[in-house]
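**Q** Pasting a structure here, questions to come.
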Amino acid sequence: MFDEIRNAQHERLDYTFHPGKSDAHIVVLGHGVTGNKDRPFLVALAESLASANIPTLRFSFAGNGGSQGRFEDATISKEVEDLGAVLDALGERIICFAGHSMGGAVGVLRTRQDNRVRYLISLAGMVDTKGFANREFGNVTPDAGNMWDDPDCPLSQAYMDDLTAIDTVVHKAKDITVPWLLIHGTEDDVVPLQDSKNIVGQAGNNARLIELPGADHVFSEHATQPMIENVVSWVKTHFQG
């Protein structure tokens with residue numbers, strides 16, 4: 001349905017489109033650090049949205065999955081630009097962006113500057129970016145070590161510098177004026193639930209936080225379906241409205 005999508009660096013972004021009933025609306029799914037568009041819970045979410053007649057596009061940021069580019073260059077700031085390239089390709093559709101983990105921070109930063117995102121969803125969204133960098137990778141030497149000992153995910157100085165420079169997106173909440181759903185698991189040991197509590201506390205009445213008891217960072221096992229049901233119900237309500 002869409003042509004090739006390329007970012008500002010002319011890197012091709014890999015995507016999968018799930019058609020729905022109407023071309024007027026679409027949900028865009030973005031993944032977190034070390035992830036890609038084919039994370040099982042993202043595939044399941046896209047399929048469930050499509051089954052509810054909601055068109056959905058899931059894509060991999062540059063340097064991840066099947067997208068072109070270097071993983072070492074995949075910073076939040078660059079992914080904000082990648083998301084802009086995806087929005088460019090979608091034309092006049094009414095867009096809901098759902099970002100997981102680091103993709104949640106990407107969503108906040110893009111939405112505050114781009115009125116094409118009409119609805120926002122944060123799934124275990126990263127908020128305290130500097131804290132995350134220090135907590136997860138503070139003992140790893142950038143440009144020498146790897147994220148979580150994964151040789152396919154080298155830790156770059158550019159990545160660490162970007163997270164440190166952003167520091168936190170908590171104060172950006174006041175700039176998010178569109179309907180905003182946040183879902184976070186109580187057993188998330190990668191991005192703490194407190195991140196979502198902190199940012200929703202700075203947001204207006206347009207934001208709603210759902211805490212999923214027992215859910216981990218990637219909504220695995222028993223948590224997948226409750227996450228999906230909450231997202232599909234929320235999107236249907238807002239798109240139909």
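Just remember, in the structure tokens the first chain shown is A, the second B, etc., residues are 1-based per chain, and ligands are 1-based in the order shown.
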Near segment 60-67 of chain A, counting only C-alpha atoms, which residues have an atom at most 12 Å away, once you skip same-chain residues fewer than 5 positions from it, shown as an mmCIF file with N, CA and C atoms, in the first residue's frame?

**A**
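This went into around-v8.cif:
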data_model
loop_
_atom_site.group_PDB
_atom_site.id
_atom_site.type_symbol
_atom_site.label_atom_id
_atom_site.label_comp_id
_atom_site.auth_asym_id
_atom_site.auth_seq_id
_atom_site.Cartn_x
_atom_site.Cartn_y
_atom_site.Cartn_z
ATOM 1 N N GLU A 4 8.306 2.715 -0.700
ATOM 2 C CA GLU A 4 9.464 2.582 0.162
ATOM 3 C C GLU A 4 9.538 3.788 1.095
ATOM 4 N N ILE A 5 9.842 3.541 2.368
ATOM 5 C CA ILE A 5 9.985 4.621 3.337
ATOM 6 C C ILE A 5 11.461 4.772 3.671
ATOM 7 N N ARG A 6 11.978 5.979 3.502
ATOM 8 C CA ARG A 6 13.377 6.255 3.815
ATOM 9 C C ARG A 6 13.462 7.458 4.747
ATOM 10 N N ASN A 7 14.444 7.427 5.640
ATOM 11 C CA ASN A 7 14.613 8.523 6.586
ATOM 12 C C ASN A 7 15.469 9.638 5.985
ATOM 13 N N ALA A 8 15.834 10.610 6.805
ATOM 14 C CA ALA A 8 16.598 11.763 6.325
ATOM 15 C C ALA A 8 17.976 11.379 5.817
ATOM 16 N N GLN A 9 18.505 10.247 6.301
ATOM 17 C CA GLN A 9 19.805 9.741 5.844
ATOM 18 C C GLN A 9 19.652 8.831 4.634
ATOM 19 N N HIS A 10 18.439 8.743 4.112
ATOM 20 C CA HIS A 10 18.084 7.914 2.952
ATOM 21 C C HIS A 10 18.220 6.421 3.262
ATOM 22 N N GLU A 11 18.111 6.072 4.527
ATOM 23 C CA GLU A 11 18.116 4.662 4.928
ATOM 24 C C GLU A 11 16.687 4.121 4.834
ATOM 25 N N ARG A 12 16.557 2.955 4.221
ATOM 26 C CA ARG A 12 15.231 2.354 4.067
ATOM 27 C C ARG A 12 14.750 1.792 5.399
ATOM 28 N N LEU A 13 13.510 2.104 5.745
ATOM 29 C CA LEU A 13 12.912 1.615 6.980
ATOM 30 C C LEU A 13 11.991 0.435 6.672
ATOM 31 N N ASP A 14 12.268 -0.683 7.286
ATOM 32 C CA ASP A 14 11.481 -1.896 7.075
ATOM 33 C C ASP A 14 10.148 -1.774 7.807
ATOM 34 N N TYR A 15 9.065 -2.150 7.137
ATOM 35 C CA TYR A 15 7.755 -2.067 7.797
ATOM 36 C C TYR A 15 6.850 -3.188 7.309
ATOM 37 N N THR A 16 5.814 -3.455 8.093
ATOM 38 C CA THR A 16 4.752 -4.384 7.727
ATOM 39 C C THR A 16 3.432 -3.674 7.933
ATOM 40 N N VAL A 28 0.404 3.361 14.217
ATOM 41 C CA VAL A 28 1.805 3.094 13.916
ATOM 42 C C VAL A 28 2.462 2.563 15.181
ATOM 43 N N LEU A 29 3.139 1.425 15.066
ATOM 44 C CA LEU A 29 3.800 0.796 16.212
ATOM 45 C C LEU A 29 5.307 0.940 16.112
ATOM 46 N N GLY A 30 5.919 1.451 17.177
ATOM 47 C CA GLY A 30 7.368 1.600 17.246
ATOM 48 C C GLY A 30 7.930 0.817 18.427
ATOM 49 N N HIS A 31 9.072 0.192 18.246
ATOM 50 C CA HIS A 31 9.669 -0.698 19.240
ATOM 51 C C HIS A 31 10.658 0.029 20.145
ATOM 52 N N GLY A 32 11.247 -0.725 21.087
ATOM 53 C CA GLY A 32 12.227 -0.187 22.009
ATOM 54 C C GLY A 32 13.652 -0.545 21.614
ATOM 55 N N VAL A 33 14.607 -0.162 22.462
ATOM 56 C CA VAL A 33 16.019 -0.408 22.193
ATOM 57 C C VAL A 33 16.294 -1.909 22.125
ATOM 58 N N THR A 34 17.089 -2.340 21.186
ATOM 59 C CA THR A 34 17.455 -3.724 20.845
ATOM 60 C C THR A 34 16.278 -4.505 20.257
ATOM 61 N N GLY A 35 15.143 -3.848 20.052
ATOM 62 C CA GLY A 35 13.986 -4.534 19.490
ATOM 63 C C GLY A 35 13.856 -4.289 18.002
ATOM 64 N N ASN A 36 12.713 -4.686 17.459
ATOM 65 C CA ASN A 36 12.368 -4.426 16.063
ATOM 66 C C ASN A 36 10.872 -4.646 15.893
ATOM 67 N N LYS A 37 10.385 -4.446 14.689
ATOM 68 C CA LYS A 37 8.947 -4.518 14.441
ATOM 69 C C LYS A 37 8.357 -5.906 14.645
ATOM 70 N N ASP A 38 9.221 -6.929 14.729
ATOM 71 C CA ASP A 38 8.739 -8.302 14.812
ATOM 72 C C ASP A 38 8.737 -8.862 16.227
ATOM 73 N N ARG A 39 8.871 -7.989 17.234
ATOM 74 C CA ARG A 39 8.711 -8.473 18.607
ATOM 75 C C ARG A 39 7.340 -9.130 18.719
ATOM 76 N N LEU A 42 4.295 -7.059 19.652
ATOM 77 C CA LEU A 42 3.941 -6.042 18.665
ATOM 78 C C LEU A 42 3.201 -6.668 17.485
ATOM 79 N N GLU A 72 24.581 1.312 15.957
ATOM 80 C CA GLU A 72 25.293 2.255 16.820
ATOM 81 C C GLU A 72 24.773 3.688 16.673
ATOM 82 N N ASP A 73 24.102 3.975 15.559
ATOM 83 C CA ASP A 73 23.593 5.327 15.315
ATOM 84 C C ASP A 73 22.141 5.499 15.773
ATOM 85 N N ALA A 74 21.538 4.434 16.291
ATOM 86 C CA ALA A 74 20.119 4.456 16.644
ATOM 87 C C ALA A 74 19.918 5.114 18.010
ATOM 88 N N THR A 75 19.864 6.418 18.000
ATOM 89 C CA THR A 75 19.610 7.188 19.214
ATOM 90 C C THR A 75 18.146 7.626 19.245
ATOM 91 N N ILE A 76 17.698 8.093 20.400
ATOM 92 C CA ILE A 76 16.330 8.603 20.491
ATOM 93 C C ILE A 76 16.127 9.750 19.510
ATOM 94 N N SER A 77 17.075 10.668 19.464
ATOM 95 C CA SER A 77 16.923 11.831 18.592
ATOM 96 C C SER A 77 16.802 11.432 17.125
ATOM 97 N N LYS A 78 17.588 10.443 16.698
ATOM 98 C CA LYS A 78 17.499 9.995 15.311
ATOM 99 C C LYS A 78 16.176 9.268 15.062
ATOM 100 N N GLU A 79 15.706 8.527 16.058
ATOM 101 C CA GLU A 79 14.457 7.799 15.878
ATOM 102 C C GLU A 79 13.256 8.738 15.843
ATOM 103 N N VAL A 80 13.357 9.872 16.504
ATOM 104 C CA VAL A 80 12.309 10.888 16.368
ATOM 105 C C VAL A 80 12.210 11.325 14.906
ATOM 106 N N GLU A 81 13.363 11.470 14.258
ATOM 107 C CA GLU A 81 13.376 11.829 12.837
ATOM 108 C C GLU A 81 12.852 10.676 11.981
ATOM 109 N N ASP A 82 13.225 9.442 12.333
ATOM 110 C CA ASP A 82 12.703 8.284 11.596
ATOM 111 C C ASP A 82 11.179 8.264 11.626
ATOM 112 N N LEU A 83 10.620 8.504 12.807
ATOM 113 C CA LEU A 83 9.160 8.507 12.922
ATOM 114 C C LEU A 83 8.565 9.597 12.035
ATOM 115 N N GLY A 84 9.229 10.737 11.936
ATOM 116 C CA GLY A 84 8.758 11.785 11.050
ATOM 117 C C GLY A 84 8.701 11.326 9.607
ATOM 118 N N ALA A 85 9.678 10.522 9.180
ATOM 119 C CA ALA A 85 9.687 9.998 7.814
ATOM 120 C C ALA A 85 8.507 9.061 7.587
ATOM 121 N N VAL A 86 8.163 8.267 8.605
ATOM 122 C CA VAL A 86 7.001 7.380 8.497
ATOM 123 C C VAL A 86 5.725 8.206 8.385
ATOM 124 N N GLY A 99 4.314 3.638 21.065
ATOM 125 C CA GLY A 99 5.730 3.338 21.202
ATOM 126 C C GLY A 99 6.012 2.534 22.458
ATOM 127 N N HIS A 100 6.835 1.504 22.301
ATOM 128 C CA HIS A 100 7.220 0.672 23.433
ATOM 129 C C HIS A 100 8.584 1.091 23.955
ATOM 130 N N MET A 102 11.855 2.597 24.750
ATOM 131 C CA MET A 102 12.483 3.782 24.195
ATOM 132 C C MET A 102 11.593 4.420 23.139
ATOM 133 N N GLY A 103 10.805 3.603 22.458
ATOM 134 C CA GLY A 103 9.846 4.130 21.501
ATOM 135 C C GLY A 103 8.802 5.016 22.157
ATOM 136 N N VAL A 106 10.404 8.360 22.240
ATOM 137 C CA VAL A 106 10.337 8.860 20.860
ATOM 138 C C VAL A 106 8.953 9.446 20.588
ATOM 139 N N ASP A 152 25.245 -8.337 19.056
ATOM 140 C CA ASP A 152 24.529 -7.706 17.954
ATOM 141 C C ASP A 152 24.063 -6.295 18.306
ATOM 142 N N CYS A 153 24.285 -5.903 19.566
ATOM 143 C CA CYS A 153 23.804 -4.601 20.026
ATOM 144 C C CYS A 153 24.931 -3.828 20.717
ATOM 145 N N PRO A 154 25.915 -3.367 19.943
ATOM 146 C CA PRO A 154 27.028 -2.629 20.537
ATOM 147 C C PRO A 154 26.573 -1.309 21.150
#

**Q** Which polymer residues have any atom within 12 Å of an atom of Asp195 of chain A, counting only C-alpha atoms, with same-chain residues fewer than 5 positions away left out, as a ChimeraX atom specification?

**A** /A:101-102,104-105,122-129,131-132,168-171,173,182-186,188-190,200-202,209,211

**Q** Could you tell me how far atom CA of Ser156 of chain A lies from atom CA of Phe137 of chain A, in Å and to one decimal?

**A**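 These atoms are spaced 10.5 Å apart.
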
**Q** Between atom CA of Asn115 of chain A and atom CA of Ala24 of chain A, measure the distance and give it in Å to one decimal.

**A**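 Between these atoms lies a distance of 16.0 Å.
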
**Q** Can you tell me how far atom CA of Asp161 of chain A sits from atom CA of Asp143 of chain A, in Å to one decimal?

**A**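 One can read the atom CA of Asp161 of chain A to atom CA of Asp143 of chain A distance as 11.8 Å.
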
**Q** Which residue, A:Lys174, A:Glu187, A:Leu90, A:Val140, has the smallest gap to Pro213 of chain A when you use only C-alpha atoms?

**A**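 Selected residue with least distance to Pro213 of chain A: A:Glu187.
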
**Q** Which one of A:Tyr159, A:Ile210, A:Ile94, A:Leu45 sits closest to Gln240 of chain A if you count only C-alpha atoms?

**A**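 Distance minimum relative to Gln240 of chain A lands on A:Ile94.
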
**Q** Can you work out which one of A:Asn198, A:Thr224, A:Gln113, A:Thr56 has the shortest atom-to-atom distance to Arg93 of chain A, counting only C-alpha atoms?

**A**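 That would be A:Thr56, the residue with the smallest distance to Arg93 of chain A.
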
**Q** What are the DSSP helix (DSSP H, G or I) residues of segment 157-189 of chain A, as an mmCIF file with N, CA and C atoms, in the first residue's frame?

**A**
data_model
loop_
_atom_site.group_PDB
_atom_site.id
_atom_site.type_symbol
_atom_site.label_atom_id
_atom_site.label_comp_id
_atom_site.auth_asym_id
_atom_site.auth_seq_id
_atom_site.Cartn_x
_atom_site.Cartn_y
_atom_site.Cartn_z
ATOM 1 N N GLN A 157 28.946 5.473 22.106
ATOM 2 C CA GLN A 157 29.027 6.720 22.860
ATOM 3 C C GLN A 157 27.921 7.672 22.425
ATOM 4 N N ALA A 158 27.580 7.624 21.142
ATOM 5 C CA ALA A 158 26.508 8.484 20.632
ATOM 6 C C ALA A 158 25.186 8.190 21.332
ATOM 7 N N TYR A 159 24.902 6.920 21.560
ATOM 8 C CA TYR A 159 23.668 6.520 22.243
ATOM 9 C C TYR A 159 23.655 7.039 23.677
ATOM 10 N N MET A 160 24.748 6.826 24.383
ATOM 11 C CA MET A 160 24.827 7.262 25.775
ATOM 12 C C MET A 160 24.755 8.788 25.876
ATOM 13 N N ASP A 161 25.435 9.473 24.981
ATOM 14 C CA ASP A 161 25.418 10.934 25.004
ATOM 15 C C ASP A 161 24.016 11.476 24.749
ATOM 16 N N ASP A 162 23.292 10.833 23.840
ATOM 17 C CA ASP A 162 21.952 11.308 23.502
ATOM 18 C C ASP A 162 20.999 11.127 24.678
ATOM 19 N N LEU A 163 21.026 9.961 25.317
ATOM 20 C CA LEU A 163 20.155 9.734 26.472
ATOM 21 C C LEU A 163 20.496 10.685 27.614
ATOM 22 N N THR A 164 21.778 10.952 27.776
ATOM 23 C CA THR A 164 22.201 11.865 28.836
ATOM 24 C C THR A 164 21.773 13.297 28.534
ATOM 25 N N ALA A 165 21.898 13.700 27.289
ATOM 26 C CA ALA A 165 21.516 15.061 26.904
ATOM 27 C C ALA A 165 20.008 15.284 27.043
ATOM 28 N N ILE A 166 19.224 14.296 26.664
ATOM 29 C CA ILE A 166 17.763 14.412 26.813
ATOM 30 C C ILE A 166 17.403 14.466 28.290
ATOM 31 N N VAL A 170 9.990 13.895 31.174
ATOM 32 C CA VAL A 170 8.864 14.100 32.088
ATOM 33 C C VAL A 170 8.256 15.491 31.940
ATOM 34 N N HIS A 171 9.086 16.492 31.713
ATOM 35 C CA HIS A 171 8.578 17.859 31.620
ATOM 36 C C HIS A 171 7.945 18.160 30.263
ATOM 37 N N LYS A 172 8.027 17.211 29.342
ATOM 38 C CA LYS A 172 7.379 17.388 28.038
ATOM 39 C C LYS A 172 5.901 17.032 28.107
ATOM 40 N N ALA A 173 5.476 16.431 29.224
ATOM 41 C CA ALA A 173 4.085 15.977 29.332
ATOM 42 C C ALA A 173 3.103 17.118 29.135
ATOM 43 N N LYS A 174 3.467 18.303 29.610
ATOM 44 C CA LYS A 174 2.558 19.447 29.487
ATOM 45 C C LYS A 174 2.329 19.842 28.039
ATOM 46 N N ASP A 175 3.237 19.411 27.145
ATOM 47 C CA ASP A 175 3.113 19.746 25.725
ATOM 48 C C ASP A 175 2.255 18.742 24.961
#
